[in-house]
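**Student:** For reference, the file work-v1.cif (mmCIF, C-alpha atoms) is included below:
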```cif
data_work
loop_
_atom_site.label_atom_id
_atom_site.label_comp_id
_atom_site.auth_asym_id
_atom_site.auth_seq_id
_atom_site.Cartn_x
_atom_site.Cartn_y
_atom_site.Cartn_z
CA MET G 1 26.88 -71.54 -58.00
CA LEU G 2 26.55 -68.44 -55.84
CA LEU G 3 23.46 -67.36 -57.73
CA ARG G 4 21.91 -70.79 -57.21
CA ARG G 5 22.58 -70.63 -53.46
CA LEU G 6 21.05 -67.19 -53.23
CA CYS G 7 17.96 -68.40 -55.07
CA ILE G 8 17.62 -71.36 -52.70
CA LEU G 9 18.01 -69.00 -49.70
CA PHE G 10 15.36 -66.59 -50.96
CA ILE G 11 12.95 -69.45 -51.72
CA SER G 12 13.51 -70.93 -48.25
CA LEU G 13 12.86 -67.60 -46.57
CA ALA G 14 9.71 -67.13 -48.64
CA LEU G 15 8.42 -70.57 -47.72
CA LEU G 16 9.23 -69.97 -44.06
CA SER G 17 7.37 -66.67 -43.96
CA ALA G 18 4.39 -68.23 -45.74
CA SER G 19 4.13 -71.16 -43.35
CA PRO G 20 2.04 -71.01 -40.14
CA ALA G 21 5.12 -71.58 -38.01
CA GLY G 22 6.73 -68.52 -39.53
CA TRP G 23 3.81 -66.17 -39.03
CA ALA G 24 4.24 -63.50 -36.39
CA LYS G 25 0.97 -63.42 -34.44
CA LYS G 26 -0.52 -59.93 -34.86
CA THR G 27 -1.82 -58.44 -31.64
CA TRP G 28 -3.98 -55.44 -30.72
CA GLN G 29 -4.17 -53.43 -27.51
CA LEU G 30 -7.44 -51.74 -26.60
CA LYS G 31 -6.73 -48.71 -24.38
CA PHE G 32 -9.88 -48.33 -22.29
CA ALA G 33 -10.68 -45.63 -19.70
CA THR G 34 -13.27 -45.37 -16.94
CA LEU G 35 -14.11 -43.17 -13.98
CA ALA G 36 -14.79 -46.30 -11.89
CA PRO G 37 -12.21 -46.61 -9.11
CA ALA G 38 -10.12 -49.75 -8.72
CA GLY G 39 -11.59 -52.28 -6.33
CA THR G 40 -15.23 -51.50 -7.14
CA ALA G 41 -17.73 -54.01 -8.51
CA TRP G 42 -17.69 -52.08 -11.80
CA MET G 43 -13.93 -52.46 -12.16
CA ASP G 44 -14.03 -56.11 -11.16
CA LEU G 45 -16.42 -56.84 -14.03
CA LEU G 46 -14.41 -54.77 -16.52
CA GLU G 47 -11.23 -56.60 -15.56
CA ALA G 48 -13.01 -59.96 -15.87
CA TRP G 49 -14.19 -58.91 -19.34
CA ALA G 50 -10.66 -57.97 -20.35
CA GLU G 51 -9.33 -61.32 -19.17
CA GLU G 52 -12.06 -63.22 -21.01
CA VAL G 53 -11.22 -61.40 -24.24
CA ARG G 54 -7.50 -62.05 -23.78
CA ILE G 55 -8.02 -65.79 -23.26
CA LYS G 56 -10.62 -66.28 -26.00
CA SER G 57 -8.54 -64.29 -28.51
CA ASP G 58 -5.46 -66.39 -27.76
CA ASP G 59 -3.68 -63.23 -26.56
CA ARG G 60 -4.32 -61.38 -29.81
CA LEU G 61 -6.52 -58.73 -28.17
CA ARG G 62 -5.58 -57.27 -24.81
CA PHE G 63 -7.11 -54.46 -22.78
CA LYS G 64 -5.15 -51.77 -21.00
CA ILE G 65 -7.64 -50.30 -18.54
CA TYR G 66 -7.17 -46.87 -17.00
CA ALA G 67 -9.35 -46.69 -13.88
CA GLY G 68 -10.38 -43.98 -11.47
CA GLY G 69 -10.43 -41.09 -13.92
CA VAL G 70 -6.65 -41.05 -14.42
CA GLN G 71 -7.23 -40.14 -18.09
CA GLY G 72 -9.42 -37.20 -17.08
CA ASP G 73 -13.14 -36.50 -17.10
CA GLU G 74 -15.28 -38.11 -19.79
CA PRO G 75 -14.91 -35.26 -22.34
CA ASP G 76 -11.12 -35.60 -21.93
CA VAL G 77 -11.35 -39.33 -22.64
CA LEU G 78 -13.48 -38.76 -25.75
CA ARG G 79 -10.97 -36.22 -27.02
CA LYS G 80 -8.15 -38.73 -26.54
CA ILE G 81 -10.17 -41.36 -28.40
CA ARG G 82 -10.59 -38.99 -31.33
CA PHE G 83 -6.81 -38.45 -31.40
CA GLY G 84 -6.14 -42.19 -31.16
CA GLN G 85 -4.48 -41.98 -27.72
CA LEU G 86 -7.29 -44.12 -26.30
CA HIS G 87 -9.68 -46.48 -28.06
CA GLY G 88 -12.72 -46.88 -25.83
CA GLY G 89 -14.20 -46.55 -22.39
CA ALA G 90 -17.08 -46.99 -19.98
CA PHE G 91 -19.20 -43.85 -20.10
CA THR G 92 -22.05 -42.40 -18.08
CA GLY G 93 -24.89 -40.46 -19.67
CA TYR G 94 -22.83 -37.28 -19.34
CA GLY G 95 -20.16 -38.64 -21.69
CA ILE G 96 -22.73 -40.27 -23.97
CA GLY G 97 -24.34 -36.88 -24.45
CA HIS G 98 -21.14 -35.61 -26.08
CA PHE G 99 -21.49 -37.98 -29.03
CA TYR G 100 -25.13 -39.15 -29.10
CA SER G 101 -27.35 -36.98 -26.94
CA PRO G 102 -30.75 -38.55 -27.90
CA ALA G 103 -29.89 -41.57 -25.72
CA ARG G 104 -30.13 -39.30 -22.69
CA ALA G 105 -33.89 -39.12 -23.08
CA LEU G 106 -33.71 -42.21 -20.85
CA GLU G 107 -32.32 -39.99 -18.08
CA LEU G 108 -35.03 -37.34 -18.06
CA PRO G 109 -36.02 -36.52 -14.46
CA PHE G 110 -39.03 -38.23 -12.93
CA LEU G 111 -39.86 -40.03 -16.18
CA PHE G 112 -40.11 -43.66 -15.09
CA ASN G 113 -42.17 -45.30 -12.37
CA SER G 114 -40.16 -48.51 -12.15
CA LEU G 115 -37.11 -50.34 -13.46
CA ASP G 116 -39.43 -52.55 -15.48
CA GLU G 117 -40.50 -49.46 -17.38
CA VAL G 118 -36.85 -48.51 -17.88
CA ASP G 119 -36.09 -51.94 -19.37
CA TYR G 120 -39.13 -51.92 -21.63
CA VAL G 121 -38.42 -48.49 -23.12
CA ARG G 122 -34.68 -49.08 -23.44
CA GLU G 123 -35.27 -52.25 -25.47
CA LYS G 124 -37.55 -50.33 -27.82
CA LEU G 125 -35.02 -47.50 -28.22
CA MET G 126 -31.90 -49.67 -28.52
CA PRO G 127 -31.80 -50.06 -32.36
CA GLU G 128 -31.87 -46.27 -32.70
CA ILE G 129 -29.13 -45.90 -30.06
CA GLU G 130 -26.85 -48.49 -31.68
CA GLN G 131 -27.15 -46.82 -35.09
CA GLY G 132 -26.70 -43.38 -33.56
CA TYR G 133 -23.44 -44.43 -31.92
CA ARG G 134 -22.23 -45.96 -35.18
CA ASP G 135 -23.10 -42.86 -37.19
CA ASN G 136 -21.03 -40.78 -34.77
CA GLY G 137 -17.91 -42.92 -34.85
CA TYR G 138 -18.45 -45.38 -32.00
CA GLU G 139 -19.46 -48.99 -31.61
CA LEU G 140 -21.74 -49.87 -28.70
CA LEU G 141 -20.26 -52.96 -27.06
CA GLY G 142 -22.49 -53.13 -24.01
CA TRP G 143 -25.25 -51.17 -22.31
CA MET G 144 -24.95 -50.50 -18.60
CA GLU G 145 -26.34 -48.30 -15.86
CA VAL G 146 -24.84 -46.26 -13.06
CA GLY G 147 -28.09 -46.50 -11.09
CA GLN G 148 -30.88 -44.42 -9.68
CA VAL G 149 -29.70 -40.90 -9.02
CA ARG G 150 -30.33 -39.36 -5.59
CA PHE G 151 -29.26 -36.16 -3.86
CA PHE G 152 -26.63 -36.28 -1.11
CA SER G 153 -26.41 -33.20 1.07
CA LYS G 154 -24.85 -31.78 4.20
CA ASN G 155 -28.26 -30.32 5.05
CA PRO G 156 -31.65 -32.04 5.39
CA LEU G 157 -33.87 -32.01 2.31
CA TYR G 158 -37.60 -32.32 2.88
CA THR G 159 -39.00 -30.54 -0.17
CA VAL G 160 -37.94 -29.45 -3.63
CA ASP G 161 -37.81 -25.92 -2.22
CA ASP G 162 -35.09 -27.08 0.20
CA LEU G 163 -33.01 -28.07 -2.81
CA ARG G 164 -33.19 -24.53 -4.11
CA LYS G 165 -31.42 -23.29 -0.96
CA GLN G 166 -28.36 -25.53 -1.37
CA ARG G 167 -25.04 -25.08 -3.16
CA ILE G 168 -25.61 -27.97 -5.57
CA TRP G 169 -22.95 -29.40 -7.83
CA GLN G 170 -23.69 -29.68 -11.53
CA TRP G 171 -21.50 -31.77 -13.81
CA GLN G 172 -19.83 -29.01 -15.80
CA GLY G 173 -21.07 -28.75 -19.37
CA ASP G 174 -24.02 -31.12 -18.91
CA PRO G 175 -27.06 -29.85 -20.88
CA LEU G 176 -29.45 -32.34 -19.27
CA GLY G 177 -28.39 -31.35 -15.77
CA GLN G 178 -28.71 -27.68 -16.70
CA ALA G 179 -32.19 -28.25 -18.12
CA PHE G 180 -33.28 -29.96 -14.88
CA PHE G 181 -31.88 -27.20 -12.67
CA ASP G 182 -33.38 -24.45 -14.85
CA ALA G 183 -36.76 -26.19 -14.78
CA SER G 184 -36.51 -26.49 -10.98
CA GLY G 185 -35.39 -22.93 -10.33
CA ILE G 186 -32.05 -24.08 -8.92
CA ARG G 187 -28.73 -22.30 -9.45
CA PRO G 188 -26.01 -24.98 -9.37
CA VAL G 189 -22.21 -24.82 -9.12
CA PRO G 190 -20.67 -26.31 -12.32
CA LEU G 191 -17.59 -28.47 -11.66
CA SER G 192 -15.79 -31.43 -13.17
CA ILE G 193 -16.66 -34.67 -11.40
CA ILE G 194 -12.99 -34.98 -10.48
CA ASP G 195 -13.30 -31.81 -8.35
CA VAL G 196 -16.42 -32.83 -6.43
CA TYR G 197 -14.81 -34.47 -3.39
CA THR G 198 -12.44 -31.56 -2.80
CA SER G 199 -15.24 -29.04 -3.28
CA LEU G 200 -17.38 -30.83 -0.70
CA SER G 201 -14.43 -30.70 1.68
CA THR G 202 -13.87 -26.97 1.22
CA GLY G 203 -17.57 -26.07 1.33
CA LEU G 204 -17.71 -24.75 -2.23
CA ILE G 205 -20.68 -27.11 -2.62
CA ASP G 206 -22.84 -28.85 -0.03
CA THR G 207 -25.06 -31.05 -2.22
CA VAL G 208 -24.29 -33.55 -4.97
CA TYR G 209 -26.24 -36.10 -6.99
CA GLY G 210 -25.44 -39.63 -8.04
CA PRO G 211 -26.31 -43.28 -7.41
CA PRO G 212 -25.69 -44.71 -3.90
CA LEU G 213 -22.96 -47.00 -5.22
CA GLY G 214 -21.20 -44.04 -6.81
CA ALA G 215 -21.41 -41.99 -3.61
CA LEU G 216 -19.68 -44.84 -1.78
CA ALA G 217 -17.06 -45.51 -4.45
CA LEU G 218 -16.15 -41.83 -4.78
CA GLN G 219 -16.32 -41.25 -1.00
CA TRP G 220 -18.86 -38.45 -1.34
CA PHE G 221 -20.88 -39.95 1.50
CA THR G 222 -18.09 -39.05 3.95
CA LYS G 223 -18.80 -35.35 3.33
CA THR G 224 -22.61 -35.49 3.42
CA SER G 225 -25.17 -36.37 6.08
CA TYR G 226 -28.44 -36.77 4.20
CA VAL G 227 -29.67 -38.70 1.15
CA THR G 228 -33.04 -38.46 -0.57
CA ASN G 229 -35.35 -41.44 -0.52
CA VAL G 230 -36.87 -40.73 -3.91
CA PRO G 231 -34.61 -41.14 -6.95
CA MET G 232 -34.56 -38.34 -9.50
CA ALA G 233 -33.60 -40.36 -12.58
CA ASN G 234 -32.02 -43.62 -13.69
CA GLY G 235 -28.44 -43.02 -14.82
CA ILE G 236 -27.40 -44.72 -18.06
CA GLY G 237 -24.01 -45.91 -19.25
CA SER G 238 -22.26 -47.61 -22.16
CA LEU G 239 -19.17 -49.62 -23.01
CA ILE G 240 -17.91 -48.20 -26.29
CA VAL G 241 -15.00 -48.44 -28.69
CA SER G 242 -14.09 -46.18 -31.59
CA ARG G 243 -15.31 -47.42 -34.97
CA ARG G 244 -11.84 -46.82 -36.39
CA PHE G 245 -10.24 -49.24 -33.91
CA PHE G 246 -13.13 -51.71 -34.19
CA GLN G 247 -13.08 -51.88 -37.98
CA ASN G 248 -9.33 -52.53 -38.01
CA LEU G 249 -9.85 -55.73 -36.03
CA PRO G 250 -10.31 -59.08 -37.80
CA GLN G 251 -13.94 -60.16 -37.96
CA ASP G 252 -13.50 -62.88 -35.35
CA LEU G 253 -12.18 -60.34 -32.84
CA GLN G 254 -15.00 -57.93 -33.69
CA LYS G 255 -17.53 -60.67 -32.91
CA LEU G 256 -15.68 -61.60 -29.72
CA LEU G 257 -15.61 -58.00 -28.51
CA THR G 258 -19.30 -57.38 -29.20
CA SER G 259 -20.56 -60.67 -27.74
CA THR G 260 -18.50 -60.42 -24.56
CA GLY G 261 -19.24 -56.70 -24.29
CA ARG G 262 -22.97 -57.34 -24.47
CA GLU G 263 -22.71 -59.99 -21.76
CA THR G 264 -20.59 -57.70 -19.59
CA GLY G 265 -23.14 -54.91 -19.95
CA GLU G 266 -25.91 -57.24 -18.81
CA LYS G 267 -23.81 -58.30 -15.83
CA LEU G 268 -23.10 -54.66 -15.01
CA ILE G 269 -26.82 -53.81 -15.01
CA THR G 270 -27.63 -56.74 -12.71
CA THR G 271 -24.71 -56.01 -10.40
CA THR G 272 -25.31 -52.26 -10.34
CA ARG G 273 -28.96 -52.64 -9.41
CA ARG G 274 -28.16 -55.16 -6.70
CA ASP G 275 -25.24 -53.19 -5.28
CA ASN G 276 -27.07 -49.86 -5.37
CA GLU G 277 -29.84 -51.43 -3.32
CA ALA G 278 -27.30 -52.85 -0.87
CA SER G 279 -25.53 -49.47 -0.77
CA LEU G 280 -28.61 -47.85 0.73
CA GLY G 281 -28.26 -50.10 3.76
CA ILE G 282 -24.54 -49.37 3.98
CA LEU G 283 -25.17 -45.63 3.86
CA GLU G 284 -27.75 -45.93 6.62
CA ALA G 285 -25.31 -47.98 8.72
CA LYS G 286 -22.71 -45.26 8.23
CA GLY G 287 -25.07 -42.71 9.72
CA LEU G 288 -26.64 -41.00 6.72
CA LYS G 289 -30.26 -39.99 7.23
CA PHE G 290 -32.90 -40.49 4.54
CA THR G 291 -35.21 -37.57 3.74
CA LEU G 292 -37.56 -36.38 1.00
CA ASN G 293 -40.04 -39.25 1.08
CA PRO G 294 -42.68 -39.86 -1.61
CA GLU G 295 -45.40 -38.38 0.58
CA ASP G 296 -43.39 -35.13 0.84
CA LEU G 297 -43.48 -34.57 -2.90
CA ASP G 298 -45.88 -32.52 -4.95
CA MET G 299 -46.34 -34.87 -7.89
CA GLU G 300 -47.77 -32.15 -10.10
CA GLU G 301 -44.69 -30.03 -9.46
CA LEU G 302 -42.42 -32.94 -10.43
CA HIS G 303 -44.43 -33.51 -13.59
CA GLN G 304 -44.04 -29.84 -14.51
CA ILE G 305 -40.28 -29.95 -13.85
CA SER G 306 -39.92 -33.02 -16.07
CA THR G 307 -42.02 -31.44 -18.82
CA ARG G 308 -40.14 -28.13 -18.75
CA ALA G 309 -36.76 -29.91 -18.82
CA GLY G 310 -37.85 -32.08 -21.77
CA GLU G 311 -39.18 -29.09 -23.70
CA SER G 312 -35.96 -27.18 -23.13
CA LEU G 313 -33.84 -30.08 -24.40
CA MET G 314 -36.07 -30.46 -27.47
CA ARG G 315 -35.81 -26.75 -28.30
CA SER G 316 -32.04 -26.93 -28.13
CA GLY G 317 -31.95 -30.04 -30.32
CA TYR G 318 -30.23 -32.07 -27.61
CA ILE G 319 -33.10 -34.58 -27.60
CA PRO G 320 -35.26 -34.84 -30.74
CA GLU G 321 -38.98 -34.38 -30.29
CA SER G 322 -39.56 -37.68 -32.12
CA THR G 323 -37.44 -39.59 -29.58
CA LEU G 324 -39.31 -38.21 -26.61
CA SER G 325 -42.64 -38.72 -28.35
CA ASN G 326 -41.80 -42.40 -28.95
CA ILE G 327 -40.74 -42.86 -25.34
CA ASN G 328 -43.97 -41.36 -24.05
CA GLN G 329 -45.95 -43.61 -26.40
CA TRP G 330 -44.08 -46.74 -25.23
CA LEU G 331 -44.60 -45.74 -21.61
CA ALA G 332 -48.33 -45.28 -22.20
CA GLU G 333 -48.50 -48.71 -23.85
CA TYR G 334 -46.59 -50.36 -21.01
CA ARG G 335 -48.71 -48.73 -18.32
CA ALA G 336 -51.93 -49.62 -20.09
CA ASN G 337 -50.86 -53.25 -20.32
CA ASN G 338 -49.49 -53.44 -16.79
CA LYS G 339 -51.93 -51.19 -14.91
CA THR G 340 -49.05 -49.08 -13.53
CA GLU G 341 -50.04 -46.11 -11.44
CA GLU G 342 -48.65 -42.94 -12.96
CA GLU G 343 -46.51 -41.52 -10.18
CA PRO G 344 -43.57 -39.62 -11.71
CA VAL G 345 -40.62 -41.05 -9.85
CA ALA G 346 -37.46 -42.43 -11.39
CA GLY G 347 -37.65 -45.96 -10.13
CA ASP G 348 -38.44 -48.36 -7.32
CA SER G 349 -37.90 -46.73 -3.94
CA PRO G 350 -36.34 -48.83 -1.18
#
```
Output the file's structure in the form of structure tokens.
**Tutor:**
Amino acid sequence: MLLRRLCILFISLALLSASPAGWAKKTWQLKFATLAPAGTAWMDLLEAWAEEVRIKSDDRLRFKIYAGGVQGDEPDVLRKIRFGQLHGGAFTGYGIGHFYSPARALELPFLFNSLDEVDYVREKLMPEIEQGYRDNGYELLGWMEVGQVRFFSKNPLYTVDDLRKQRIWQWQGDPLGQAFFDASGIRPVPLSIIDVYTSLSTGLIDTVYGPPLGALALQWFTKTSYVTNVPMANGIGSLIVSRRFFQNLPQDLQKLLTSTGRETGEKLITTTRRDNEASLGILEAKGLKFTLNPEDLDMEELHQISTRAGESLMRSGYIPESTLSNINQWLAEYRANNKTEEEPVAGDSP
């Protein structure tokens, strides 16, 4: 009798565990880091993305977002992803260069004449970028931008030679930044991005570079008085997740993460471009003066700087010659079809 009761109990437990009502719903938490401060348009969109994923996954996939660089600079975040302490993040070109440097060909100085050119070339290069990320252990969820990079300085900048006289910050360990400064004859001060605001305050540096929206979000504008009218480059960015985490998700959650990530990236590009444009007006209203106009520039000098920087990065293997060759070919095709004047600036000036 006892044996029979035990058999009935075991069978009942087995049936209960096999029934939908008895299933424990498996959940995943995606630990995601970004330098974007809380309260910015970037963070608003990332939080909206996280909420959309939570709802559409029926609470099976939740984000835990670490904002404002609390997990460290981008190399720190990548190291934590490799160790499994984090799973993904929103990265600028600087961080992207640590795992797939060819994508940074899109950030070469004075390469593009307009944002239309940026979009055209990026679309052509995207299959290579997606596969490159995958081969290096990451899944590209969404492409984004940080915006057109300008110089912010305590001192007026009217020529490239004026830049050479400044104490300019360089994002520590950034090969592309180093190639630009070497090609320009500038000796920068390498620092983590987390140390920039303090270093501006102490006078260790007097000039920084970044998009207008970033200068506002990080409060760099409060320590500078001048901003250049002509952008140097168009800063790229990506929403990524480790392949290890991604592949452990059920297929429906993989599809949800990639589809919503792609949409979020598109929203981030639209919002970033709009807000960077609006930020120029805000900076002017706050008293910053705009210098270094297109007519002040020696276009041949800029072309030489861009060429020297590209050649240096190709020699080092940071950007393959084939990638840059393809980009130049696509640019030539676009300009031939659209009658674009070849003025080597990074994008549309305000």
**Student:** Can you list what the PyMOL selection byres ((chain G and resi 59) around 10) grabs from this structure, as a ChimeraX atom specification?
**Tutor:** /G:25-29,51,53-58,60-62
**Student:** Which one is closest to Leu292 in chain G: G:Leu106, G:Ile194, G:Ile186, G:Leu157? Count all atoms listed in the file.
**Tutor:** G:Leu157
**Student:** Go through range 7-115 of chain G residue by residue and, counting only C-alpha atoms, keep those with an atom at most 8 Å from range 136-147 of chain G; for each kept residue give the shortest atom pair and its distance in Å to one decimal, ordered by chain and increasing number, as JSON lines.
**Tutor:**
```
{"residue": "G:Thr92", "atom": "CA", "partner": "G:Val146", "partner_atom": "CA", "distance": 6.9}
{"residue": "G:Phe99", "atom": "CA", "partner": "G:Asn136", "partner_atom": "CA", "distance": 6.4}
{"residue": "G:Tyr100", "atom": "CA", "partner": "G:Asn136", "partner_atom": "CA", "distance": 7.2}
```
**Student:** Quick one: residues within 8 Å of Glu107 in chain G, only C-alpha atoms counted, chain neighbours fewer than 5 positions away excluded, as number ranges by chain?
**Tutor:** G: 93, 233-236
**Student:** Enter the distance from CA of Ala183 in chain G to CA of Asp298 in chain G, in Å, rounded to one decimal.
**Tutor:** 14.8 Å
**Student:** Spell out the residues picked by the PyMOL selection byres ((chain G and resi 88) around 10) here, as an MDAnalysis selection string.
**Tutor:** chainID G and resid 30:34 63 65 77:78 80:82 84:87 89:91 138:141 239:243 245:246
